[in-house]
$ cat run38.cif   # mmCIF, C-alpha atoms
data_my_file
#
loop_
_atom_site.label_atom_id
_atom_site.label_comp_id
_atom_site.auth_asym_id
_atom_site.auth_seq_id
_atom_site.Cartn_x
_atom_site.Cartn_y
_atom_site.Cartn_z
CA MET A 1 89.45 78.99 101.18
CA ILE A 2 88.27 82.20 102.86
CA PRO A 3 88.25 85.00 100.23
CA ILE A 4 90.72 87.04 102.28
CA SER A 5 94.45 87.56 101.79
CA VAL A 6 96.73 88.39 104.71
CA CYS A 7 99.53 90.68 103.51
CA ILE A 8 102.79 91.20 105.41
CA ILE A 9 105.98 93.07 104.55
CA ALA A 10 109.18 91.93 106.24
CA LYS A 11 112.85 92.72 106.64
CA ASN A 12 115.13 90.85 109.04
CA GLU A 13 112.21 89.63 111.16
CA GLU A 14 113.44 86.13 111.94
CA LYS A 15 112.72 86.73 115.63
CA HIS A 16 109.00 87.33 115.08
CA ILE A 17 107.78 86.12 111.69
CA GLY A 18 107.57 82.46 112.66
CA GLU A 19 105.17 83.06 115.53
CA CYS A 20 103.22 85.59 113.48
CA LEU A 21 102.67 83.15 110.60
CA ARG A 22 102.10 80.17 112.90
CA ARG A 23 99.10 81.91 114.45
CA LEU A 24 97.76 83.03 111.08
CA SER A 25 98.21 79.63 109.46
CA GLY A 26 95.40 78.07 111.47
CA TYR A 27 92.83 79.70 109.18
CA HIS A 28 92.04 78.95 105.54
CA TRP A 29 93.13 82.21 103.96
CA GLU A 30 95.93 83.19 101.65
CA ILE A 31 99.10 84.54 103.26
CA VAL A 32 101.30 86.83 101.14
CA VAL A 33 104.75 87.91 102.37
CA THR A 34 106.83 90.60 100.67
CA ASP A 35 110.46 90.74 101.75
CA THR A 36 112.22 94.09 101.42
CA GLY A 37 115.82 92.94 101.70
CA SER A 38 116.32 90.52 104.59
CA THR A 39 119.82 89.23 105.31
CA ASP A 40 118.74 86.79 108.02
CA HIS A 41 116.45 83.72 107.93
CA THR A 42 113.19 85.66 107.48
CA VAL A 43 112.41 84.30 103.99
CA GLU A 44 113.43 80.77 104.92
CA ILE A 45 111.05 80.78 107.90
CA ALA A 46 108.23 82.31 105.86
CA ARG A 47 108.48 79.52 103.26
CA LYS A 48 107.42 77.04 105.93
CA TYR A 49 104.01 78.72 106.07
CA THR A 50 103.29 80.08 102.59
CA PRO A 51 104.51 79.72 99.00
CA HIS A 52 103.42 83.29 98.23
CA ILE A 53 106.66 85.16 98.85
CA PHE A 54 107.74 88.18 96.80
CA HIS A 55 110.61 90.65 96.86
CA PHE A 56 110.48 94.44 96.79
CA ASP A 57 113.48 96.76 96.71
CA TRP A 58 113.20 99.03 99.75
CA ILE A 59 112.80 102.73 98.83
CA ASN A 60 112.11 104.18 102.31
CA ASP A 61 108.38 104.09 101.69
CA PHE A 62 106.15 101.76 103.72
CA SER A 63 103.07 102.52 101.62
CA ALA A 64 104.86 101.57 98.41
CA ALA A 65 105.96 98.26 99.93
CA LYS A 66 102.54 97.45 101.35
CA ASN A 67 100.68 98.42 98.18
CA PHE A 68 103.04 96.16 96.22
CA CYS A 69 102.33 93.28 98.61
CA VAL A 70 98.58 93.89 98.29
CA SER A 71 98.88 93.82 94.49
CA LYS A 72 100.26 90.28 94.69
CA ALA A 73 97.25 88.93 96.61
CA THR A 74 94.62 86.77 94.94
CA ASN A 75 91.68 88.19 96.90
CA ASP A 76 90.28 91.71 97.06
CA TYR A 77 89.65 91.66 100.80
CA ILE A 78 92.94 92.28 102.57
CA LEU A 79 94.05 91.93 106.19
CA VAL A 80 97.40 93.62 106.81
CA THR A 81 99.56 92.86 109.82
CA ASP A 82 103.20 93.28 110.82
CA CYS A 83 105.64 90.49 111.60
CA ASP A 84 105.78 91.43 115.28
CA GLU A 85 102.01 91.29 115.70
CA TYR A 86 100.47 88.01 116.79
CA LEU A 87 96.82 87.15 116.28
CA GLU A 88 95.41 86.59 119.75
CA LYS A 89 91.75 85.87 119.16
CA ASP A 90 88.61 87.03 117.55
CA GLY A 91 85.65 88.03 119.62
CA THR A 92 83.61 84.97 118.71
CA ASP A 93 86.02 82.13 119.53
CA GLY A 94 87.31 81.83 115.99
CA ASN A 95 83.98 82.05 114.23
CA ALA A 96 84.34 85.65 113.05
CA ILE A 97 87.34 85.22 110.75
CA PRO A 98 85.60 83.22 108.00
CA HIS A 99 83.00 85.99 107.79
CA LEU A 100 85.15 89.13 108.11
CA HIS A 101 84.54 90.09 104.49
CA LYS A 102 80.79 90.05 105.16
CA GLN A 103 81.05 92.42 108.14
CA ILE A 104 82.10 95.49 106.17
CA SER A 105 81.01 97.10 102.93
CA PRO A 106 83.69 97.32 100.21
CA TRP A 107 84.23 101.04 100.85
CA GLN A 108 84.56 100.66 104.63
CA ILE A 109 87.80 100.05 106.55
CA GLY A 110 87.98 97.51 109.37
CA ILE A 111 89.57 98.36 112.72
CA VAL A 112 91.32 95.76 114.91
CA ASP A 113 92.49 95.91 118.54
CA LEU A 114 96.29 96.04 118.90
CA VAL A 115 97.56 95.38 122.43
CA SER A 116 101.08 96.62 123.21
CA PRO A 117 103.16 96.38 126.41
CA VAL A 118 104.67 99.79 127.25
CA GLU A 119 106.40 101.42 130.19
CA ASP A 120 103.74 102.26 132.76
CA ILE A 121 103.71 106.04 133.20
CA SER A 122 100.04 106.12 134.17
CA ALA A 123 100.35 104.61 137.65
CA GLY A 124 101.08 107.77 139.63
CA GLY A 125 101.42 107.73 143.37
CA LYS A 126 103.95 105.25 144.71
CA ALA A 127 103.68 102.87 141.80
CA ALA A 128 106.64 104.28 139.87
CA GLY A 129 109.25 101.84 138.65
CA ASN A 130 109.90 99.53 135.76
CA SER A 131 106.36 98.18 135.54
CA THR A 132 104.60 97.82 132.23
CA ALA A 133 101.10 98.60 131.08
CA LEU A 134 99.00 97.17 128.28
CA VAL A 135 97.80 99.75 125.78
CA HIS A 136 94.95 99.13 123.35
CA ASP A 137 95.17 100.88 119.99
CA HIS A 138 92.45 100.69 117.36
CA ILE A 139 94.25 100.20 114.06
CA ALA A 140 92.89 100.20 110.50
CA ARG A 141 93.91 96.86 109.02
CA PHE A 142 91.11 95.32 106.92
CA PHE A 143 89.88 96.66 103.57
CA HIS A 144 88.84 96.02 99.97
CA ARG A 145 91.77 96.85 97.71
CA GLN A 146 89.64 98.17 94.86
CA TYR A 147 88.41 100.99 97.10
CA THR A 148 91.28 101.56 99.57
CA HIS A 149 95.06 101.79 99.51
CA PHE A 150 98.00 102.94 101.64
CA GLN A 151 99.33 106.48 101.62
CA GLY A 152 102.28 108.02 103.47
CA GLY A 153 105.92 106.97 103.46
CA ILE A 154 105.99 106.24 107.21
CA HIS A 155 103.14 105.61 109.66
CA GLU A 156 101.20 104.91 106.52
CA GLN A 157 97.44 105.18 106.59
CA LEU A 158 94.65 103.41 104.74
CA THR A 159 92.92 105.95 102.53
CA PRO A 160 89.90 105.70 100.20
CA LYS A 161 90.96 105.89 96.56
CA ASN A 162 88.09 108.25 95.76
CA GLY A 163 89.47 110.87 98.15
CA LYS A 164 86.43 110.83 100.41
CA LYS A 165 86.56 110.67 104.20
CA PRO A 166 87.16 107.07 105.35
CA GLU A 167 84.41 105.17 107.13
CA PHE A 168 85.68 102.84 109.85
CA ILE A 169 84.04 99.82 111.47
CA SER A 170 85.32 97.80 114.43
CA LEU A 171 86.07 94.11 113.93
CA PRO A 172 86.36 91.45 116.67
CA LEU A 173 90.09 90.80 116.11
CA THR A 174 92.88 91.27 118.64
CA PHE A 175 96.63 91.25 117.94
CA TYR A 176 99.47 91.32 120.49
CA HIS A 177 102.31 93.67 119.54
CA ALA A 178 105.62 92.16 120.63
CA GLY A 179 108.01 94.29 118.59
CA TYR A 180 108.87 97.07 121.05
CA SER A 181 109.37 94.85 124.07
CA THR A 182 113.06 95.72 124.68
CA ALA A 183 114.81 99.08 125.00
CA ALA A 184 117.36 98.16 122.32
CA VAL A 185 114.65 97.39 119.76
CA ARG A 186 112.74 100.55 120.65
CA LYS A 187 115.85 102.69 120.13
CA GLU A 188 116.70 101.04 116.83
CA LYS A 189 113.21 101.44 115.37
CA ALA A 190 112.88 104.94 116.78
CA ALA A 191 116.07 106.08 115.05
CA ARG A 192 114.78 104.74 111.75
CA ASN A 193 111.36 106.33 112.20
CA ILE A 194 112.70 109.71 113.27
CA ALA A 195 114.95 109.91 110.22
CA MET A 196 112.06 109.09 107.87
CA LEU A 197 109.64 111.44 109.63
CA GLU A 198 112.10 114.33 109.58
CA THR A 199 112.73 113.77 105.88
CA HIS A 200 108.99 113.83 105.23
CA ARG A 201 108.62 117.04 107.27
CA LYS A 202 111.41 118.81 105.39
CA GLU A 203 110.04 117.78 102.01
CA ASN A 204 106.34 118.42 102.70
CA GLY A 205 106.22 121.09 105.36
CA PRO A 206 104.47 121.01 108.77
CA ASP A 207 101.78 118.37 109.20
CA PRO A 208 100.13 117.77 112.59
CA TYR A 209 100.05 114.00 112.12
CA ILE A 210 103.78 113.83 111.29
CA LEU A 211 104.56 116.14 114.21
CA PHE A 212 102.46 113.87 116.43
CA GLN A 213 104.40 110.82 115.27
CA LEU A 214 107.72 112.54 115.93
CA GLY A 215 106.59 113.51 119.40
CA GLN A 216 105.20 110.05 120.06
CA THR A 217 108.45 108.41 118.97
CA TYR A 218 110.47 110.45 121.47
CA PHE A 219 107.71 109.90 124.04
CA GLY A 220 108.14 106.14 123.58
CA LEU A 221 111.83 106.58 124.45
CA SER A 222 110.89 108.54 127.61
CA ASP A 223 112.62 111.57 126.08
CA TYR A 224 109.93 114.00 127.18
CA GLU A 225 111.98 117.14 126.58
CA ARG A 226 112.31 116.34 122.89
CA ALA A 227 108.74 115.08 122.57
CA LEU A 228 107.08 118.17 124.04
CA PRO A 229 107.94 120.72 121.30
CA TYR A 230 106.50 118.46 118.60
CA PHE A 231 103.24 118.10 120.51
CA ASP A 232 103.18 121.86 121.10
CA GLN A 233 103.59 122.54 117.38
CA ALA A 234 100.95 120.02 116.34
CA LEU A 235 98.37 121.19 118.89
CA ALA A 236 98.86 124.77 117.75
CA MET A 237 97.69 123.73 114.27
CA GLU A 238 94.17 123.01 113.13
CA VAL A 239 93.34 119.43 114.11
CA ASN A 240 90.17 117.37 114.30
CA GLU A 241 89.70 116.47 117.95
CA LYS A 242 87.52 113.51 116.93
CA GLU A 243 90.49 111.70 115.39
CA GLU A 244 92.01 109.11 117.69
CA TYR A 245 95.58 110.31 117.17
CA VAL A 246 94.60 113.77 118.49
CA GLN A 247 93.20 112.22 121.68
CA THR A 248 96.41 110.22 122.09
CA MET A 249 98.51 113.32 121.44
CA VAL A 250 96.68 115.34 124.10
CA GLU A 251 97.22 112.56 126.64
CA SER A 252 100.91 112.15 125.74
CA TYR A 253 101.33 115.92 125.99
CA GLY A 254 99.87 115.84 129.49
CA TYR A 255 102.19 113.04 130.59
CA CYS A 256 105.15 114.95 129.14
CA LEU A 257 104.26 117.92 131.33
CA LEU A 258 103.92 115.72 134.41
CA ASN A 259 107.23 113.96 133.79
CA LEU A 260 108.94 117.32 133.28
CA LYS A 261 107.34 118.51 136.55
CA MET A 262 105.45 121.28 134.74
CA TYR A 263 102.46 120.74 137.01
CA LYS A 264 100.93 124.21 136.76
CA LYS A 265 101.20 124.15 132.97
CA ALA A 266 99.43 120.79 132.95
CA LEU A 267 96.42 122.39 134.66
CA GLU A 268 95.72 124.19 131.39
CA LEU A 269 94.27 120.92 130.09
CA GLU A 270 91.20 121.71 132.18
CA GLY A 271 90.25 124.01 129.32
CA ILE A 272 89.63 121.09 126.93
CA TYR A 273 88.02 118.78 129.49
CA ASP A 274 84.61 118.71 127.84
CA ILE A 275 86.10 117.71 124.48
CA PHE A 276 88.24 114.78 125.62
CA SER A 277 86.63 113.52 128.84
CA LYS A 278 84.55 110.85 127.12
CA LYS A 279 87.55 108.55 127.42
CA ALA A 280 88.77 107.22 130.78
CA ASP A 281 92.43 107.85 129.92
CA PHE A 282 91.98 111.64 129.76
CA VAL A 283 89.88 111.81 132.95
CA PHE A 284 92.49 109.67 134.72
CA LEU A 285 95.22 112.03 133.45
CA ILE A 286 93.35 115.02 134.86
CA GLY A 287 93.21 113.14 138.18
CA LEU A 288 96.99 112.75 138.09
CA ILE A 289 97.42 116.44 137.27
CA TYR A 290 95.28 117.43 140.24
CA MET A 291 97.15 114.92 142.40
CA ASN A 292 100.53 116.44 141.47
CA ASN A 293 99.17 119.91 142.20
CA ALA A 294 98.06 118.76 145.68
CA LEU A 295 94.40 119.27 144.72
CA PHE A 296 93.42 116.04 146.40
CA PRO A 297 89.61 116.27 146.55
CA GLN A 298 89.52 117.14 142.84
CA ALA A 299 91.89 114.26 142.07
CA ILE A 300 89.71 111.75 143.93
CA ARG A 301 86.67 113.03 142.03
CA GLU A 302 88.36 112.51 138.65
CA PHE A 303 89.68 109.05 139.49
CA GLN A 304 86.18 108.04 140.60
CA LYS A 305 84.75 109.44 137.35
CA ALA A 306 87.28 107.43 135.36
CA THR A 307 86.01 104.17 136.88
CA ALA A 308 82.58 104.83 135.37
CA ILE A 309 83.82 105.30 131.79
CA PRO A 310 83.99 102.13 129.66
CA PHE A 311 86.19 103.57 126.88
CA PHE A 312 89.94 103.36 127.50
CA SER A 313 93.31 102.65 125.88
CA VAL A 314 95.57 101.87 128.85
CA GLU A 315 94.35 98.94 130.93
CA GLY A 316 93.54 99.87 134.52
CA VAL A 317 92.85 103.60 134.14
CA ASN A 318 89.13 102.97 134.66
CA SER A 319 89.62 100.37 137.40
CA TYR A 320 92.56 99.28 139.56
CA LYS A 321 94.95 102.17 138.74
CA ALA A 322 92.30 104.76 139.54
CA HIS A 323 91.44 102.98 142.80
CA TYR A 324 95.13 102.71 143.63
CA ASN A 325 95.72 106.43 143.27
CA ILE A 326 92.71 107.20 145.45
CA GLY A 327 94.24 104.86 148.02
CA VAL A 328 97.57 106.70 147.79
CA ILE A 329 95.85 110.03 148.38
CA TYR A 330 93.99 108.76 151.43
CA GLU A 331 97.18 107.21 152.79
CA CYS A 332 99.05 110.51 152.34
CA MET A 333 96.21 112.26 154.15
CA GLY A 334 96.49 109.81 157.05
CA ASN A 335 93.14 108.15 156.43
CA LEU A 336 94.44 104.58 156.51
CA PRO A 337 91.04 102.77 156.64
CA GLU A 338 89.91 104.50 153.43
CA ALA A 339 93.31 103.90 151.84
CA LEU A 340 93.13 100.20 152.65
CA ALA A 341 89.58 99.99 151.31
CA TYR A 342 90.65 101.39 147.95
CA TYR A 343 93.76 99.22 147.81
CA GLU A 344 91.47 96.24 148.34
CA LYS A 345 89.52 97.25 145.23
CA CYS A 346 92.69 96.88 143.14
CA GLY A 347 92.72 93.09 143.33
CA ALA A 348 96.05 91.58 142.27
CA TYR A 349 97.63 94.89 141.19
CA GLY A 350 101.18 94.61 142.55
CA PRO A 351 101.70 98.10 144.02
CA ALA A 352 98.33 97.93 145.80
CA MET A 353 99.11 94.48 147.21
CA GLU A 354 102.35 95.88 148.62
CA ARG A 355 100.56 98.80 150.27
CA ARG A 356 97.91 96.44 151.71
CA LYS A 357 100.62 94.31 153.23
CA ILE A 358 102.30 97.32 154.83
CA LEU A 359 99.08 98.88 156.14
CA THR A 360 97.83 95.56 157.51
CA VAL A 361 101.05 95.17 159.53
CA ARG A 362 100.67 98.72 160.87
CA ARG A 363 97.17 97.96 162.06
#

$ encode --input "run38.cif" --output "structure tokens"
Amino acid sequence: MIPISVCIIAKNEEKHIGECLRRLSGYHWEIVVTDTGSTDHTVEIARKYTPHIFHFDWINDFSAAKNFCVSKATNDYILVTDCDEYLEKDGTDGNAIPHLHKQISPWQIGIVDLVSPVEDISAGGKAAGNSTALVHDHIARFFHRQYTHFQGGIHEQLTPKNGKKPEFISLPLTFYHAGYSTAAVRKEKAARNIAMLETHRKENGPDPYILFQLGQTYFGLSDYERALPYFDQALAMEVNEKEEYVQTMVESYGYCLLNLKMYKKALELEGIYDIFSKKADFVFLIGLIYMNNALFPQAIREFQKATAIPFFSVEGVNSYKAHYNIGVIYECMGNLPEALAYYEKCGAYGPAMERRKILTVRR
């Protein structure tokens, strides 16, 4: 057996837990499931994959539930995942998993790649619609339980027990997040999260991370008017711009402004360009802001810059989506040969294929 325990908490997850455990069961590690009050077939399905099933009375505290689950594991090295997250691959064709515990020191925390389908608000131009985008989040999921535990009732975080600043290390693991794939599920989970986050805020006072999560929850529902004030409050507080959630918050804030047609206000993000422009998503966002302010040469410049940056969260912002928006600008300017050339660079991207078809007929 690999000296790693996979720990999962569950409640009414019969739709997802089978696939989650099926993918995990192909490896020789312990799987521990803690049920927090399911009334469906969650426990019955879990028993097909592991005998290590425990029960925990739900107390509106994700950290308490996850720490309980971790306490029931046999091994000290823990991989935590959710029922709606499916192990896709590791970066070495399956060879990394048996050695995960050798890739980090006991006091370090391992980061995995979580890929989620979301509504595509990054397309810009004429690509609006019900298309989806794949977003990559880097999530802390692997740790040694003697040195690290969960803290926070909701949107819980792995925190060193000694109170020191956590040290993170990337691991070659990718999970696909299926849980927010429908509007009904998003609304249901958002209502639960908002209630818990608001309770935390009232009991503990303003916290930029909690404000970010509140804003991000409304943002995920496309309720930009409600999301914006939370981002405003959080960004007015002292935050560490090196933390990934701050980068995400700045980008979500920018998209809120664009969706609310506050184009001039969005231009204020130029003032933090040097801080956040190491990531393609922010540079791409600046391109969209220029585009919506009819600053077309500046927009083209930023989209071209984005294609040269390897670090991104939303797939396409440093490739086909940037090229597509350049194509849209050239088409709007009447330069159809340049527009077609950039649409060609987009490959099989649907909106670009449609524009190529139309422009080819015109020619």

$ closest_residue --input "run38.cif" --among "A:Ala294, A:Leu114, A:Leu79, A:Ile59" --to "Ile4 (chain A)" --atoms "all atoms listed in the file"
A:Leu79

$ resolve_selection --input "run38.cif" --expression "the PyMOL selection byres ((chain A and resi 99-103) around 9)" --output "list in words"
Ile2, Pro3, Ile4, Tyr77, Ile78, Asn95, Ala96, Ile97, Pro98, Ile104, Ser105, Pro106, Gly110, Phe142, Phe143, His144, Ile169, Leu171 and Pro172 of chain A

$ atom_distance --input "run38.cif" --atom1 "CA of Tyr49 (chain A)" --atom2 "CA of Val112 (chain A)"
23.0 Å

$ resolve_selection --input "run38.cif" --expression "the PyMOL selection byres ((chain A and resi 73) around 12)" --output "JSON, numbers by chain"
{"A": [3, 4, 5, 6, 7, 8, 29, 30, 31, 32, 33, 34, 51, 52, 53, 54, 66, 67, 68, 69, 70, 71, 72, 74, 75, 76, 77, 78, 79, 80, 144, 145]}

$ closest_atom_pairs --input "run38.cif" --of "region 83-181 of chain A" --to "region 197-213 of chain A" --cutoff "8 Å" --atoms "only C-alpha atoms" --output "Markdown table"
| residue | atom | partner | partner_atom | distance |
| --- | --- | --- | --- | --- |
| A:Gly153 | CA | A:His200 | CA | 7.7 |
| A:Ile154 | CA | A:Leu197 | CA | 6.8 |
| A:His155 | CA | A:Gln213 | CA | 7.8 |

$ resolve_selection --input "run38.cif" --expression "the PyMOL selection byres ((chain A and resi 355) around 10)" --output "list of chain:residue names"
A:Lys126, A:Ala127, A:Tyr324, A:Gly327, A:Val328, A:Glu331, A:Ala339, A:Leu340, A:Tyr343, A:Glu344, A:Gly350, A:Pro351, A:Ala352, A:Met353, A:Glu354, A:Arg356, A:Lys357, A:Ile358, A:Leu359, A:Thr360, A:Val361

$ closest_residue --input "run38.cif" --among "A:Ser116, A:Thr159, A:Gln151, A:Gln298" --to "Glu315 (chain A)" --atoms "only C-alpha atoms"
A:Ser116

$ residues_around --input "run38.cif" --residues "Phe284 (chain A)" --least-positions-apart "6" --cutoff "10 Å" --atoms "all atoms listed in the file" --output "MDAnalysis selection string"
chainID A and resid 122:123 251 277 290 299:307 312 316:318 321:322 325

$ closest_residue --input "run38.cif" --among "A:Ala46, A:Cys256, A:Cys20, A:Ile139" --to "Tyr86 (chain A)" --atoms "all atoms listed in the file"
A:Cys20

$ closest_residue --input "run38.cif" --among "A:Glu268, A:Asp57, A:Glu13, A:Asp223" --to "Asp84 (chain A)" --atoms "all atoms listed in the file"
A:Glu13

$ atom_distance --input "run38.cif" --atom1 "CA of Tyr253 (chain A)" --atom2 "CA of Gly179 (chain A)"
23.8 Å

$ atom_distance --input "run38.cif" --atom1 "CA of His41 (chain A)" --atom2 "CA of Glu85 (chain A)"
18.1 Å

$ closest_residue --input "run38.cif" --among "A:Ala183, A:Leu228, A:Leu336, A:Leu235" --to "Leu258 (chain A)" --atoms "only C-alpha atoms"
A:Leu228

$ closest_residue --input "run38.cif" --among "A:Arg226, A:Glu238, A:Leu260, A:Asp137" --to "Phe311 (chain A)" --atoms "only C-alpha atoms"
A:Asp137

$ residues_near_point --input "run38.cif" --point "(108.4, 94.0, 110.6)" --cutoff "7 Å" --atoms "only C-alpha atoms" --output "JSON, numbers by chain"
{"A": [9, 10, 11, 13, 82, 83, 84]}

$ residues_around --input "run38.cif" --residues "Ala227 (chain A)" --least-positions-apart "3" --cutoff "6 Å" --atoms "only C-alpha atoms" --output "list in words"
Gly215, Tyr218, Phe219, Tyr224 and Tyr230 of chain A

$ residues_around --input "run38.cif" --residues "Thr148 (chain A)" --least-positions-apart "5" --cutoff "8 Å" --atoms "all atoms listed in the file" --output "PyMOL selection string"
chain A and resi 107+109+143+158-161

$ write_last_selection --input "run38.cif" --atoms "C-alpha atoms" --output "compact mmCIF listing (two decimals), in the frame of the given file"
# COMPACT_ATOMS: atom_id res chain seq x y z
CA TRP A 107 84.23 101.04 100.85
CA ILE A 109 87.80 100.05 106.55
CA PHE A 143 89.88 96.66 103.57
CA LEU A 158 94.65 103.41 104.74
CA THR A 159 92.92 105.95 102.53
CA PRO A 160 89.90 105.70 100.20
CA LYS A 161 90.96 105.89 96.56
